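*Asks:* Pasting a structure below so you can have a look.
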Amino acid sequence: MADVVIRPISPADAGEVLTVQRAAFVSEAAIYGDPDQPALTQTLAQIEAELQGAKGFVALVDDRIVGAIRATERDDVLQIGRIAVAPDMQGEGIGRRLLDAIEGDTECATAELFTGSLSQANIDLYTACGYREAERIDQGDGTAQVFMRKPLR
């Protein structure tokens, strides 16, 4: 694999981030049978606005953005948003490197993220990175939102 460079995200990255996000979340939509997931319906304008105030990083191979992570800080908790890795780059450690970057760029005591209960690959990655299930919210359709937390300090 080519060298992966992790750098801070910028509003200028919005178009490529949207492309990677949509490609990455297609498999999630298939797992849940829901093509209307927010990660797939989010618009370019919404991502541009989000990137104005969000912390985040992108992963690049050559000049191509192949991964992105965004987060906000609130009440001493780093709330990690969408982690997206291009399908052809999944399994290469990019998600782990993006998590390391965002966790290392905060003074928050705790990091929190969530995924769906059917997203076992995500749960496995987050568990391997030190996250533990903190809460499970039943969605009424046989699935749940799984909130996971990790102490940072």
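FYI, nothing fancy with the structure tokens labels: chains A, B, ... in order, residues from 1 per chain, ligands from 1 as they appear.
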Quick one: residues within 12 Å of stretch 25-35 of chain A, only C-alpha atoms counted, chain neighbours fewer than 4 positions away excluded, as a VMD selection string?
*Replies:* chain A and resid 17 to 21 39 to 42 67 82 to 87 90 115 to 122 139 141 to 145
*Asks:* Output C-alpha atoms for every residue in the selection just made, as a PDB file, in the first residue's frame.
*Replies:*
ATOM      1  CA  VAL A  17     -15.163  13.991   1.864  1.00  0.00           C
ATOM      2  CA  LEU A  18     -18.733  13.722   0.557  1.00  0.00           C
ATOM      3  CA  THR A  19     -17.598  11.283  -2.154  1.00  0.00           C
ATOM      4  CA  VAL A  20     -15.708   9.080   0.327  1.00  0.00           C
ATOM      5  CA  GLN A  21     -18.556   9.250   2.841  1.00  0.00           C
ATOM      6  CA  ALA A  39     -24.513   9.896   5.750  1.00  0.00           C
ATOM      7  CA  LEU A  40     -25.907   9.172   2.289  1.00  0.00           C
ATOM      8  CA  THR A  41     -28.403  12.031   2.108  1.00  0.00           C
ATOM      9  CA  GLN A  42     -26.154  14.764   3.507  1.00  0.00           C
ATOM     10  CA  GLY A  67     -10.696   8.604   4.676  1.00  0.00           C
ATOM     11  CA  ARG A  82     -18.751  10.111  10.794  1.00  0.00           C
ATOM     12  CA  ILE A  83     -15.702   7.991  10.188  1.00  0.00           C
ATOM     13  CA  ALA A  84     -15.507   7.129   6.515  1.00  0.00           C
ATOM     14  CA  VAL A  85     -12.904   5.106   4.644  1.00  0.00           C
ATOM     15  CA  ALA A  86     -13.090   4.487   0.901  1.00  0.00           C
ATOM     16  CA  PRO A  87     -14.222   0.902   0.281  1.00  0.00           C
ATOM     17  CA  GLN A  90     -10.892  -0.499   4.175  1.00  0.00           C
ATOM     18  CA  THR A 115     -22.656   2.810  15.346  1.00  0.00           C
ATOM     19  CA  GLY A 116     -25.489   0.446  14.578  1.00  0.00           C
ATOM     20  CA  SER A 117     -25.825  -2.918  16.282  1.00  0.00           C
ATOM     21  CA  LEU A 118     -25.548  -4.765  12.954  1.00  0.00           C
ATOM     22  CA  SER A 119     -22.269  -3.024  12.050  1.00  0.00           C
ATOM     23  CA  GLN A 120     -20.004  -5.684  13.519  1.00  0.00           C
ATOM     24  CA  ALA A 121     -16.884  -4.555  11.638  1.00  0.00           C
ATOM     25  CA  ASN A 122     -17.271  -1.085  13.158  1.00  0.00           C
ATOM     26  CA  GLN A 139     -34.557   1.507  17.427  1.00  0.00           C
ATOM     27  CA  ASP A 141     -36.864  -2.442  14.300  1.00  0.00           C
ATOM     28  CA  GLY A 142     -34.624  -5.138  15.735  1.00  0.00           C
ATOM     29  CA  THR A 143     -31.572  -2.882  15.675  1.00  0.00           C
ATOM     30  CA  ALA A 144     -30.019  -0.516  18.179  1.00  0.00           C
ATOM     31  CA  GLN A 145     -27.685   2.444  18.245  1.00  0.00           C
TER      32      GLN A 145
END
*Asks:* I'd like the contact shell of A:Phe57 - 9 Å cut-off, only C-alpha atoms, skipping same-chain residues fewer than 3 positions apart - returned as a PDB file with C-alpha atoms, in the first residue's frame.
*Replies:*
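Written file, out-v1.pdb:
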ATOM      1  CA  ILE A   6      -3.071  12.153   7.890  1.00  0.00           C
ATOM      2  CA  ARG A   7      -3.705  15.892   7.948  1.00  0.00           C
ATOM      3  CA  PRO A   8      -6.313  18.275   9.417  1.00  0.00           C
ATOM      4  CA  ILE A   9      -9.552  18.508   7.483  1.00  0.00           C
ATOM      5  CA  SER A  10     -10.497  21.805   5.843  1.00  0.00           C
ATOM      6  CA  GLY A  67     -10.696   8.604   4.676  1.00  0.00           C
ATOM      7  CA  ALA A  68     -12.156  11.254   6.943  1.00  0.00           C
ATOM      8  CA  ILE A  69     -13.174  11.735  10.555  1.00  0.00           C
ATOM      9  CA  ARG A  70     -15.001  14.621  12.211  1.00  0.00           C
ATOM     10  CA  LEU A  98      -7.890   8.565  11.932  1.00  0.00           C
ATOM     11  CA  ALA A 101      -5.288  11.466  15.191  1.00  0.00           C
ATOM     12  CA  ILE A 102      -8.569  12.885  16.502  1.00  0.00           C
TER      13      ILE A 102
END
*Asks:* From a DSSP pass on the backbone, collect the residues of stretch 6-61 of chain A flagged as strand (DSSP E) and hand them back as a PyMOL selection string.
*Replies:* chain A and resi 6-8+55-61
*Asks:* With C-alpha atoms retained, export the selected residues as an mmCIF file, in the first residue's frame.
*Replies:*
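Saved to out-v7.cif:
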data_model
loop_
_atom_site.group_PDB
_atom_site.id
_atom_site.type_symbol
_atom_site.label_atom_id
_atom_site.label_comp_id
_atom_site.auth_asym_id
_atom_site.auth_seq_id
_atom_site.Cartn_x
_atom_site.Cartn_y
_atom_site.Cartn_z
ATOM 1 C CA ILE A 6 -3.071 12.153 7.890
ATOM 2 C CA ARG A 7 -3.705 15.892 7.948
ATOM 3 C CA PRO A 8 -6.313 18.275 9.417
ATOM 4 C CA LYS A 55 -12.420 19.226 14.207
ATOM 5 C CA GLY A 56 -11.288 16.513 11.926
ATOM 6 C CA PHE A 57 -8.704 14.814 9.811
ATOM 7 C CA VAL A 58 -8.446 13.299 6.377
ATOM 8 C CA ALA A 59 -6.293 10.425 5.193
ATOM 9 C CA LEU A 60 -4.622 10.811 1.831
ATOM 10 C CA VAL A 61 -2.887 8.390 -0.495
#
*Asks:* Could you name the residues that touch stretch 111-114 of chain A at 12 Å or less, counting only C-alpha atoms, but leaving out those on the same chain fewer than 5 positions away, as a ChimeraX atom specification?
*Replies:* /A:69-83,99-100,102-106,119,122-123,125-127,129-137,144-153
*Asks:* Give the alpha helix (DSSP H) residues of stretch 23-146 of chain A, as assigned by DSSP on the backbone, as an MDAnalysis selection string.
*Replies:* chainID A and resid 23:32 38:41 44:53 94:103 120:128
*Asks:* How many Å lie between atom CA of A:Ala14 and atom CA of A:Asp88, rounded to one decimal?
*Replies:*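 Distance reported for this atom pair: 19.8 Å.
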*Asks:* Any idea what the distance is between atom CA of A:Ala12 and atom CA of A:Gln52?
*Replies:*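 A separation of 9.8 Å between them.
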*Asks:* What is the atom CA of A:Asp63 to atom CA of A:Gly15 distance in Å?
*Replies:* 13.7 Å
